[in-house]
Amino acid sequence: MDKVRELPEMIERVKDGDCIAFGGNVLYRSPVRVAKELAKAGRRKLHLVKTAMAPEADILCACHCVSKVSAGFIGYETEFGLCGFYRKGVESGEVIAEEHACYSVITALRAAAYGVPFLPVRGFDGSDLPAAVGFLPVEDPYTRETLTAVRAIRPDFAFIHVQKADRFGNSRIEGPHYEDLIMARSPKALIITCEELVPDDYFGEERKADISEVLVDSVAVVKGCAAPGACEGYYEMDREALLRFKKMTEEQVFEVFCKGGGADEGL
Amino acid sequence: MRAYNQADVMAVAVARYLKGAVNCFHGVASTVPMVGILLSRRLYHPELIYLNITGGVDAHRFLPQVSTDGAELYRESKSCFDLSDIFDLAARGGLDVAFLSGGQVDGRGCVNNSVIGKFQKPKVKLPGGAGSAVLIPNCRRAFVWKSRHEPRGFVDEVDFITSQGNLAYVFTPLCVFKKMDGRLVLDALMPGVSLEEVEKRTGFQVIADWKREFLPIKEEELRALDEIDPGRVRDAEF
């Protein structure tokens with residue numbers, strides 16, 4: 001089945017309050033353009049999920065699209081510092097920080113992939129996080145050992161940006177996979193954005209796809225989707241654009257992404 | 001021998017303390033550990049297995065970047081060992097050293113990466129502990145580093161315990177702390193640093209039953225550092 005669609009059509013399907021998982025990691029192969037389009041479409045009360053995230057959370061928090069973020073780390077790494085708009089959202093009480101360990105985000109997505117309501121995880125001993133975010137203990141019925149029960153997160157949509165996909169959704173990730181192979185199995189609908197649509201005979205005997213068409217709802221060709229972050233084999237990080245973005249005020253971000261309609265300005 | 005700075009000293013300390021480690025892992029925003037690991041593999045411990053978030057194994061022959069999450073750490077890897085594999089390895093007891101940082105570290109060896117103030121309505125929201133809440137309890141030895149040694153970062157009790165457990169050492173520009181019997185104690189002073197200076201810049205009471213100055217930085221260590229990291233990305237955290 002041909003699953004190629006335009007990105008705006010995919011964004012149209014996202015409802016206020018939906019749970020959205022983003023693929024990639026921090027500034028690598030992250031679907032930044034998707035976040036910009038969600039902001040532009042004026043979605044509200046989104047629940048964002050990813051192990052380590054930066055621009056998507058920052059843009060969407062600046063535009064007041066977010067009610068909750070489930071992640072282990074929200075920041076740009078050393079060079080570009082913290083996510084100011086996310087911080088402001090949490091500190092003002094608008095955004096709930098459901099702080100995970102990256103492992104528990106992975107576990108929550110695995111639980112969804114396995115079709116179970118929770119999975120036990122080892123760790124969190126002595127941490128204040130379980131009490132703060134509501135992870136409950138669970139006892140192994142066989143050995144009586146106590147572990148932490150991580151509730152499944154089944155995103156309404158996962159957006160994973162890849163380098164190459166065919167029209168059926170078979171996808172090739174060049175460079176690090178991060179958590180994307182697990183995330184791909186977790187959502188109600190997996191949307192692949194790609195730099196390049198490859199011919200039908202690209203995958204086959206000589207090379208298999210990293211993500212199977214079996215998992216994919218739709219494919220949208222979105223060149224430059226991860227910019228100003230990097231996309232291995234296609235483009236490097238755009239440091240100047242990132243520094244420009246980091247200097248913008250919330251009003252400027254809102255103006256550019258929500259009102260101006262110029263999704264590529266500023267960033 | 002050329003002059004050296006705090007980044008050089010911390011990278012050398014990390015490299016030396018990794019002697020004998022089975023494997024090690026660092027996450028995002030971990031420039032000093034990355035350079036320290038590369039130095040250890042170059043001079044002291046070529047067999048050290050080096051894992052990182054990208055899934056790359058034993059990354060080498062690459063130009064280090066300030067970011068420690070990019071494809072250069074993966075490109076030449078012979079196999080792929082994803083972050084989920086690393087966490088699973090730790091959960092079953094197979095991860096030796098995990099590098100983690102913290103906004104606040106206290107005298108008990110508890111680490112806070114979550115909030116300053118109360119969790120529900122924080123004064124400052126920190127970026128989060130990434131993997132630390134599972135890695136510090138699950139790895140055999142957590143190596144914590146902080147590139148600033150100030151009283152507000154080294155407190156009597158952290159505002160919030162993101163993680164605690166198998167913390168082994170804390171590396172700072174001034175010293176190395178070691179966790180013993182549930183307390184951080186001074187393990188070594190960095191070259192030229194006095195105990196008084198550490199006490200002045202530490203918010204908890206410094207226990208220094210025995211103290212030694214870190215062995216002098218060697219010329220070959222500096223030479224190797226400059227070869228590994230000619231762009232001096234290790235300075236970015238300071």
# chains A, B, ... in the order shown; residues from 1 in each chain; ligands from 1
>>> select_by_dssp(residues="region 15-257 of chain A", states="alpha helix (DSSP H)", output="ChimeraX atom specification")
/A:32-40,55-62,84-91,102-114,129-133,180-183,239-247,250-254
>>> residues_around(residues="Lys218 (chain B)", least_positions_apart="2", cutoff="12 Å", atoms="only C-alpha atoms", output="PDB file with N, CA, C and O atoms, in the first residue's frame")
ATOM      1  N   MET B   1      57.533  21.005  29.492  1.00  0.00           N
ATOM      2  CA  MET B   1      56.121  20.604  29.526  1.00  0.00           C
ATOM      3  C   MET B   1      55.244  21.838  29.476  1.00  0.00           C
ATOM      4  O   MET B   1      55.525  22.828  30.133  1.00  0.00           O
ATOM      5  N   ARG B   2      54.139  21.767  28.706  1.00  0.00           N
ATOM      6  CA  ARG B   2      53.275  22.938  28.604  1.00  0.00           C
ATOM      7  C   ARG B   2      52.439  23.111  29.874  1.00  0.00           C
ATOM      8  O   ARG B   2      52.285  22.184  30.659  1.00  0.00           O
ATOM      9  N   ALA B   3      51.910  24.315  30.035  1.00  0.00           N
ATOM     10  CA  ALA B   3      51.013  24.552  31.167  1.00  0.00           C
ATOM     11  C   ALA B   3      49.734  23.752  30.937  1.00  0.00           C
ATOM     12  O   ALA B   3      49.374  23.466  29.798  1.00  0.00           O
ATOM     13  N   TYR B   4      49.082  23.363  32.018  1.00  0.00           N
ATOM     14  CA  TYR B   4      47.819  22.642  31.849  1.00  0.00           C
ATOM     15  C   TYR B   4      46.720  23.326  32.653  1.00  0.00           C
ATOM     16  O   TYR B   4      46.994  24.100  33.557  1.00  0.00           O
ATOM     17  N   ASP B   8      42.345  19.590  31.532  1.00  0.00           N
ATOM     18  CA  ASP B   8      43.419  18.597  31.369  1.00  0.00           C
ATOM     19  C   ASP B   8      43.522  17.721  32.616  1.00  0.00           C
ATOM     20  O   ASP B   8      43.619  16.498  32.531  1.00  0.00           O
ATOM     21  N   VAL B   9      43.506  18.369  33.780  1.00  0.00           N
ATOM     22  CA  VAL B   9      43.686  17.633  35.030  1.00  0.00           C
ATOM     23  C   VAL B   9      42.545  16.641  35.235  1.00  0.00           C
ATOM     24  O   VAL B   9      42.760  15.480  35.610  1.00  0.00           O
ATOM     25  N   VAL B  12      42.836  13.694  32.856  1.00  0.00           N
ATOM     26  CA  VAL B  12      43.914  12.793  33.298  1.00  0.00           C
ATOM     27  C   VAL B  12      43.446  11.965  34.495  1.00  0.00           C
ATOM     28  O   VAL B  12      43.679  10.749  34.562  1.00  0.00           O
ATOM     29  N   ALA B  13      42.757  12.615  35.436  1.00  0.00           N
ATOM     30  CA  ALA B  13      42.267  11.883  36.615  1.00  0.00           C
ATOM     31  C   ALA B  13      41.321  10.770  36.190  1.00  0.00           C
ATOM     32  O   ALA B  13      41.443   9.626  36.649  1.00  0.00           O
ATOM     33  N   ARG B  16      43.236   7.890  34.651  1.00  0.00           N
ATOM     34  CA  ARG B  16      43.987   7.065  35.607  1.00  0.00           C
ATOM     35  C   ARG B  16      43.058   6.188  36.443  1.00  0.00           C
ATOM     36  O   ARG B  16      43.367   5.031  36.725  1.00  0.00           O
ATOM     37  N   LEU B  43      46.654   5.399  26.729  1.00  0.00           N
ATOM     38  CA  LEU B  43      47.867   5.273  27.534  1.00  0.00           C
ATOM     39  C   LEU B  43      47.848   4.129  28.540  1.00  0.00           C
ATOM     40  O   LEU B  43      48.880   3.541  28.839  1.00  0.00           O
ATOM     41  N   PRO B 191      46.820  18.630  41.578  1.00  0.00           N
ATOM     42  CA  PRO B 191      48.117  19.288  41.767  1.00  0.00           C
ATOM     43  C   PRO B 191      47.946  20.764  42.097  1.00  0.00           C
ATOM     44  O   PRO B 191      47.185  21.467  41.444  1.00  0.00           O
ATOM     45  N   PHE B 214      47.470  14.357  44.167  1.00  0.00           N
ATOM     46  CA  PHE B 214      47.422  13.602  42.939  1.00  0.00           C
ATOM     47  C   PHE B 214      48.822  13.569  42.336  1.00  0.00           C
ATOM     48  O   PHE B 214      49.545  14.555  42.386  1.00  0.00           O
ATOM     49  N   LEU B 215      49.234  12.453  41.777  1.00  0.00           N
ATOM     50  CA  LEU B 215      50.564  12.381  41.181  1.00  0.00           C
ATOM     51  C   LEU B 215      50.703  13.428  40.080  1.00  0.00           C
ATOM     52  O   LEU B 215      49.728  13.719  39.396  1.00  0.00           O
ATOM     53  N   PRO B 216      51.875  13.993  39.919  1.00  0.00           N
ATOM     54  CA  PRO B 216      52.032  15.065  38.933  1.00  0.00           C
ATOM     55  C   PRO B 216      51.557  14.640  37.540  1.00  0.00           C
ATOM     56  O   PRO B 216      51.659  13.472  37.169  1.00  0.00           O
ATOM     57  N   GLU B 220      53.694  13.023  28.846  1.00  0.00           N
ATOM     58  CA  GLU B 220      53.093  12.124  27.844  1.00  0.00           C
ATOM     59  C   GLU B 220      51.560  12.144  27.920  1.00  0.00           C
ATOM     60  O   GLU B 220      50.882  11.929  26.924  1.00  0.00           O
ATOM     61  N   GLU B 221      51.035  12.421  29.100  1.00  0.00           N
ATOM     62  CA  GLU B 221      49.569  12.540  29.229  1.00  0.00           C
ATOM     63  C   GLU B 221      49.075  13.773  28.476  1.00  0.00           C
ATOM     64  O   GLU B 221      48.065  13.718  27.763  1.00  0.00           O
ATOM     65  N   LEU B 222      49.788  14.866  28.636  1.00  0.00           N
ATOM     66  CA  LEU B 222      49.384  16.095  27.942  1.00  0.00           C
ATOM     67  C   LEU B 222      49.534  15.934  26.428  1.00  0.00           C
ATOM     68  O   LEU B 222      48.688  16.385  25.652  1.00  0.00           O
ATOM     69  N   ARG B 223      50.594  15.282  26.024  1.00  0.00           N
ATOM     70  CA  ARG B 223      50.826  15.084  24.587  1.00  0.00           C
ATOM     71  C   ARG B 223      49.696  14.222  23.996  1.00  0.00           C
ATOM     72  O   ARG B 223      49.126  14.549  22.961  1.00  0.00           O
ATOM     73  N   ALA B 224      49.375  13.161  24.699  1.00  0.00           N
ATOM     74  CA  ALA B 224      48.298  12.287  24.213  1.00  0.00           C
ATOM     75  C   ALA B 224      46.955  13.029  24.190  1.00  0.00           C
ATOM     76  O   ALA B 224      46.173  12.886  23.250  1.00  0.00           O
ATOM     77  N   LEU B 225      46.718  13.819  25.210  1.00  0.00           N
ATOM     78  CA  LEU B 225      45.461  14.611  25.243  1.00  0.00           C
ATOM     79  C   LEU B 225      45.360  15.526  24.031  1.00  0.00           C
ATOM     80  O   LEU B 225      44.309  15.640  23.408  1.00  0.00           O
TER      81      LEU B 225
END
>>> closest_residue(among="B:Leu174, B:Ile228, B:Val206, B:Leu48", to="Ser194 (chain B)", atoms="only C-alpha atoms")
B:Leu174
>>> closest_atom_pairs(of="chain A", to="chain B", cutoff="7 Å", atoms="only C-alpha atoms", output="Markdown table")
| residue | atom | partner | partner_atom | distance |
| --- | --- | --- | --- | --- |
| A:Tyr28 | CA | B:Gly70 | CA | 6.7 |
| A:Gly72 | CA | B:Ala130 | CA | 4.2 |
| A:Phe73 | CA | B:Gly128 | CA | 4.7 |
| A:Ile74 | CA | B:Pro127 | CA | 4.8 |
| A:Gly75 | CA | B:Pro127 | CA | 5.6 |
| A:Glu77 | CA | B:Ala29 | CA | 4.6 |
| A:Thr78 | CA | B:Ala29 | CA | 5.3 |
| A:Glu79 | CA | B:Val66 | CA | 6.6 |
| A:Leu82 | CA | B:Pro127 | CA | 6.8 |
| A:Arg87 | CA | B:Lys125 | CA | 5.6 |
| A:Val90 | CA | B:Lys125 | CA | 6.8 |
| A:Glu91 | CA | B:Pro122 | CA | 5.6 |
| A:Gly93 | CA | B:Lys121 | CA | 6.4 |
| A:Glu99 | CA | B:Gly128 | CA | 6.6 |
| A:Ala101 | CA | B:Gly131 | CA | 4.8 |
| A:Cys102 | CA | B:Gly131 | CA | 5.0 |
| A:Tyr103 | CA | B:Gly131 | CA | 6.3 |
| A:Ile106 | CA | B:Ser84 | CA | 7.0 |
| A:Arg122 | CA | B:Ala91 | CA | 5.9 |
| A:Gly123 | CA | B:Val134 | CA | 4.2 |
| A:Phe124 | CA | B:Ala133 | CA | 5.1 |
| A:Asp125 | CA | B:Pro137 | CA | 6.3 |
| A:Gly126 | CA | B:Gln164 | CA | 6.0 |
| A:Ser127 | CA | B:Ser163 | CA | 4.8 |
| A:Asp128 | CA | B:Ile161 | CA | 5.2 |
| A:Leu129 | CA | B:Thr162 | CA | 6.1 |
| A:Ala132 | CA | B:Phe119 | CA | 6.9 |
| A:Gly175 | CA | B:Ala71 | CA | 5.6 |
| A:Pro176 | CA | B:Thr54 | CA | 4.9 |
| A:Tyr178 | CA | B:Thr54 | CA | 6.0 |
| A:Glu232 | CA | B:Ala71 | CA | 6.6 |
>>> write_last_selection(atoms="N, CA and C atoms", output="CSV table (one decimal), in the first residue's frame")
chain,number,residue,atom,x,y,z
A,28,TYR,N,20.1,15.3,17.2
A,28,TYR,CA,20.4,14.3,16.1
A,28,TYR,C,19.1,13.6,15.6
A,72,GLY,N,13.9,11.7,30.2
A,72,GLY,CA,15.0,11.6,31.2
A,72,GLY,C,15.9,12.8,31.2
A,73,PHE,N,15.9,13.5,30.1
A,73,PHE,CA,16.8,14.6,30.0
A,73,PHE,C,16.2,15.6,29.0
A,74,ILE,N,16.1,16.9,29.5
A,74,ILE,CA,15.6,17.9,28.5
A,74,ILE,C,16.7,19.0,28.5
A,75,GLY,N,17.5,19.1,27.5
A,75,GLY,CA,18.5,20.1,27.4
A,75,GLY,C,19.3,19.9,26.1
A,77,GLU,N,22.6,19.9,25.7
A,77,GLU,CA,24.0,19.5,25.9
A,77,GLU,C,24.8,20.8,26.1
A,78,THR,N,26.1,20.6,26.4
A,78,THR,CA,27.0,21.7,26.9
A,78,THR,C,27.0,23.0,26.1
A,79,GLU,N,27.1,22.8,24.8
A,79,GLU,CA,27.3,24.0,23.9
A,79,GLU,C,26.2,25.0,23.9
A,82,LEU,N,20.7,24.9,28.5
A,82,LEU,CA,19.4,24.3,28.9
A,82,LEU,C,18.3,24.7,28.0
A,87,ARG,N,11.9,25.0,30.7
A,87,ARG,CA,12.1,25.3,32.1
A,87,ARG,C,11.1,26.3,32.6
A,90,VAL,N,7.7,24.6,33.1
A,90,VAL,CA,7.7,23.7,34.3
A,90,VAL,C,7.7,24.6,35.6
A,91,GLU,N,8.5,25.6,35.6
A,91,GLU,CA,8.6,26.5,36.8
A,91,GLU,C,7.3,27.3,37.0
A,93,GLY,N,4.4,26.1,36.3
A,93,GLY,CA,3.3,25.2,36.6
A,93,GLY,C,2.5,24.8,35.4
A,99,GLU,N,9.4,13.4,35.2
A,99,GLU,CA,10.8,13.1,35.0
A,99,GLU,C,11.1,11.6,35.1
A,101,ALA,N,13.9,8.2,34.3
A,101,ALA,CA,15.3,7.9,33.9
A,101,ALA,C,15.1,7.5,32.4
A,102,CYS,N,16.1,7.7,31.6
A,102,CYS,CA,15.9,7.3,30.2
A,102,CYS,C,15.5,5.9,30.0
A,103,TYR,N,16.0,5.0,30.9
A,103,TYR,CA,15.6,3.6,30.9
A,103,TYR,C,14.1,3.4,31.1
A,106,ILE,N,12.3,4.1,28.0
A,106,ILE,CA,12.4,2.9,27.1
A,106,ILE,C,11.5,1.8,27.6
A,122,ARG,N,14.5,-2.6,37.0
A,122,ARG,CA,15.5,-2.6,38.2
A,122,ARG,C,16.1,-1.2,38.2
A,123,GLY,N,16.2,-0.7,39.4
A,123,GLY,CA,16.8,0.7,39.5
A,123,GLY,C,15.9,1.5,40.4
A,124,PHE,N,16.2,2.8,40.5
A,124,PHE,CA,15.4,3.8,41.3
A,124,PHE,C,15.6,3.6,42.8
A,125,ASP,N,16.5,2.6,43.2
A,125,ASP,CA,16.7,2.4,44.7
A,125,ASP,C,17.2,3.7,45.3
A,126,GLY,N,16.5,4.2,46.3
A,126,GLY,CA,16.9,5.4,47.0
A,126,GLY,C,16.6,6.7,46.3
A,127,SER,N,16.0,6.6,45.2
A,127,SER,CA,15.7,7.9,44.4
A,127,SER,C,14.3,8.4,44.9
A,128,ASP,N,14.2,9.8,44.9
A,128,ASP,CA,13.0,10.4,45.2
A,128,ASP,C,12.0,10.4,44.0
A,129,LEU,N,12.5,10.1,42.8
A,129,LEU,CA,11.7,10.2,41.6
A,129,LEU,C,10.4,9.3,41.7
A,132,ALA,N,7.8,11.1,43.5
A,132,ALA,CA,7.5,12.4,42.9
A,132,ALA,C,6.6,12.3,41.7
A,175,GLY,N,23.5,5.9,10.7
A,175,GLY,CA,24.0,6.4,12.0
A,175,GLY,C,23.2,5.8,13.1
A,176,PRO,N,23.4,6.4,14.3
A,176,PRO,CA,22.8,5.9,15.5
A,176,PRO,C,21.3,5.7,15.4
A,178,TYR,N,19.5,5.3,18.3
A,178,TYR,CA,18.9,5.8,19.5
A,178,TYR,C,17.8,4.8,19.9
A,232,GLU,N,22.6,12.5,10.0
A,232,GLU,CA,23.8,11.8,9.5
A,232,GLU,C,23.7,11.5,8.0
>>> residues_around(residues="region 3-10 of chain A", least_positions_apart="4", cutoff="8 Å", atoms="only C-alpha atoms", output="VMD selection string")
chain A and resid 14 34 37 167 to 169 191 217 to 222
>>> closest_residue(among="A:Glu174, A:Pro55, A:Glu12, A:Val214", to="Lys36 (chain A)", atoms="only C-alpha atoms")
A:Pro55
>>> closest_residue(among="B:Asn166, B:Asn5, B:Thr172, B:Ser77", to="Lys146 (chain B)", atoms="only C-alpha atoms")
B:Thr172
>>> residues_around(residues="Arg185 (chain A)", least_positions_apart="2", cutoff="9 Å", atoms="only C-alpha atoms", output="list in words")
Leu109, Arg110, Ala112, Ala113, Tyr114, Asp180, Leu181, Ile182, Met183, Pro187, Lys188, Leu190 and Leu215 of chain A
>>> write_last_selection(atoms="N, CA, C and O atoms", output="mmCIF file, in the first residue's frame")
data_model
loop_
_atom_site.group_PDB
_atom_site.id
_atom_site.type_symbol
_atom_site.label_atom_id
_atom_site.label_comp_id
_atom_site.auth_asym_id
_atom_site.auth_seq_id
_atom_site.Cartn_x
_atom_site.Cartn_y
_atom_site.Cartn_z
ATOM 1 N N LEU A 109 7.849 2.452 26.745
ATOM 2 C CA LEU A 109 7.580 2.204 25.319
ATOM 3 C C LEU A 109 7.618 0.710 25.015
ATOM 4 O O LEU A 109 6.828 0.199 24.219
ATOM 5 N N ARG A 110 8.532 0.000 25.676
ATOM 6 C CA ARG A 110 8.575 -1.459 25.507
ATOM 7 C C ARG A 110 7.274 -2.083 25.968
ATOM 8 O O ARG A 110 6.749 -2.989 25.320
ATOM 9 N N ALA A 112 4.356 -0.828 25.954
ATOM 10 C CA ALA A 112 3.360 -0.600 24.899
ATOM 11 C C ALA A 112 3.606 -1.545 23.734
ATOM 12 O O ALA A 112 2.672 -2.138 23.187
ATOM 13 N N ALA A 113 4.869 -1.722 23.386
ATOM 14 C CA ALA A 113 5.215 -2.611 22.276
ATOM 15 C C ALA A 113 4.815 -4.056 22.589
ATOM 16 O O ALA A 113 4.387 -4.796 21.708
ATOM 17 N N TYR A 114 4.970 -4.446 23.861
ATOM 18 C CA TYR A 114 4.649 -5.823 24.257
ATOM 19 C C TYR A 114 3.152 -5.999 24.513
ATOM 20 O O TYR A 114 2.702 -7.113 24.814
ATOM 21 N N ASP A 180 14.852 4.400 18.570
ATOM 22 C CA ASP A 180 13.795 4.435 17.565
ATOM 23 C C ASP A 180 13.229 3.072 17.180
ATOM 24 O O ASP A 180 12.068 2.975 16.785
ATOM 25 N N LEU A 181 14.028 2.015 17.298
ATOM 26 C CA LEU A 181 13.508 0.707 16.914
ATOM 27 C C LEU A 181 12.487 0.206 17.940
ATOM 28 O O LEU A 181 11.547 -0.514 17.596
ATOM 29 N N ILE A 182 12.670 0.616 19.189
ATOM 30 C CA ILE A 182 11.679 0.287 20.224
ATOM 31 C C ILE A 182 10.478 1.224 20.084
ATOM 32 O O ILE A 182 9.325 0.785 20.084
ATOM 33 N N MET A 183 10.767 2.507 19.939
ATOM 34 C CA MET A 183 9.684 3.490 19.820
ATOM 35 C C MET A 183 8.759 3.170 18.643
ATOM 36 O O MET A 183 7.544 3.356 18.728
ATOM 37 N N PRO A 187 3.554 3.059 19.195
ATOM 38 C CA PRO A 187 2.418 3.984 19.097
ATOM 39 C C PRO A 187 1.181 3.387 18.427
ATOM 40 O O PRO A 187 1.244 2.317 17.824
ATOM 41 N N LYS A 188 0.093 4.166 18.524
ATOM 42 C CA LYS A 188 -1.098 3.800 17.757
ATOM 43 C C LYS A 188 -0.846 4.057 16.273
ATOM 44 O O LYS A 188 -1.318 3.313 15.431
ATOM 45 N N LEU A 190 2.446 5.212 13.661
ATOM 46 C CA LEU A 190 3.841 5.615 13.440
ATOM 47 C C LEU A 190 3.929 6.390 12.122
ATOM 48 O O LEU A 190 3.595 5.869 11.055
ATOM 49 N N LEU A 215 5.017 -1.751 10.600
ATOM 50 C CA LEU A 215 4.789 -0.848 11.730
ATOM 51 C C LEU A 215 4.289 0.527 11.313
ATOM 52 O O LEU A 215 3.857 1.307 12.158
#
>>> select_by_dssp(residues="region 32-198 of chain A", states="strand (DSSP E or B)", output="MDAnalysis selection string")
chainID A and resid 46:49 52:53 66:71 73:75 82 96:99 118:121 136:139 146:151 157:165 171:172 189:197
>>> atom_distance(atom1="CA of His45 (chain B)", atom2="CA of Ser79 (chain B)")
20.6 Å
>>> residues_around(residues="region 141-147 of chain A", least_positions_apart="4", cutoff="7 Å", atoms="only C-alpha atoms", output="PDB file with C-alpha atoms, in the first residue's frame")
ATOM      1  CA  PRO A 120       9.081  -3.999  36.017  1.00  0.00           C
ATOM      2  CA  VAL A 121      12.428  -2.284  35.948  1.00  0.00           C
ATOM      3  CA  ARG A 122      15.462  -2.596  38.153  1.00  0.00           C
ATOM      4  CA  PRO A 137       6.676  -0.705  43.485  1.00  0.00           C
TER       5      PRO A 137
END
>>> residues_around(residues="Val69 (chain A)", least_positions_apart="6", cutoff="10 Å", atoms="only C-alpha atoms", output="list in words")
Cys19, Ile20, Ala21, Leu46, His47, Leu48, Val49, Lys50, Met53, Ala57, Cys61, Tyr86, Val90, Val95, Ile96, Ala97, Glu98, Glu99 and His100 of chain A
>>> atom_distance(atom1="CA of Ala149 (chain A)", atom2="CA of Val116 (chain A)")
11.6 Å
>>> residues_around(residues="Arg148 (chain B)", least_positions_apart="3", cutoff="10 Å", atoms="only C-alpha atoms", output="list in words")
Gln6, Gly103, Trp145, Pro151, Arg152, Gly153, Phe154, Phe171, Thr172, Pro173, Leu174, Arg201, Glu237 and Phe238 of chain B
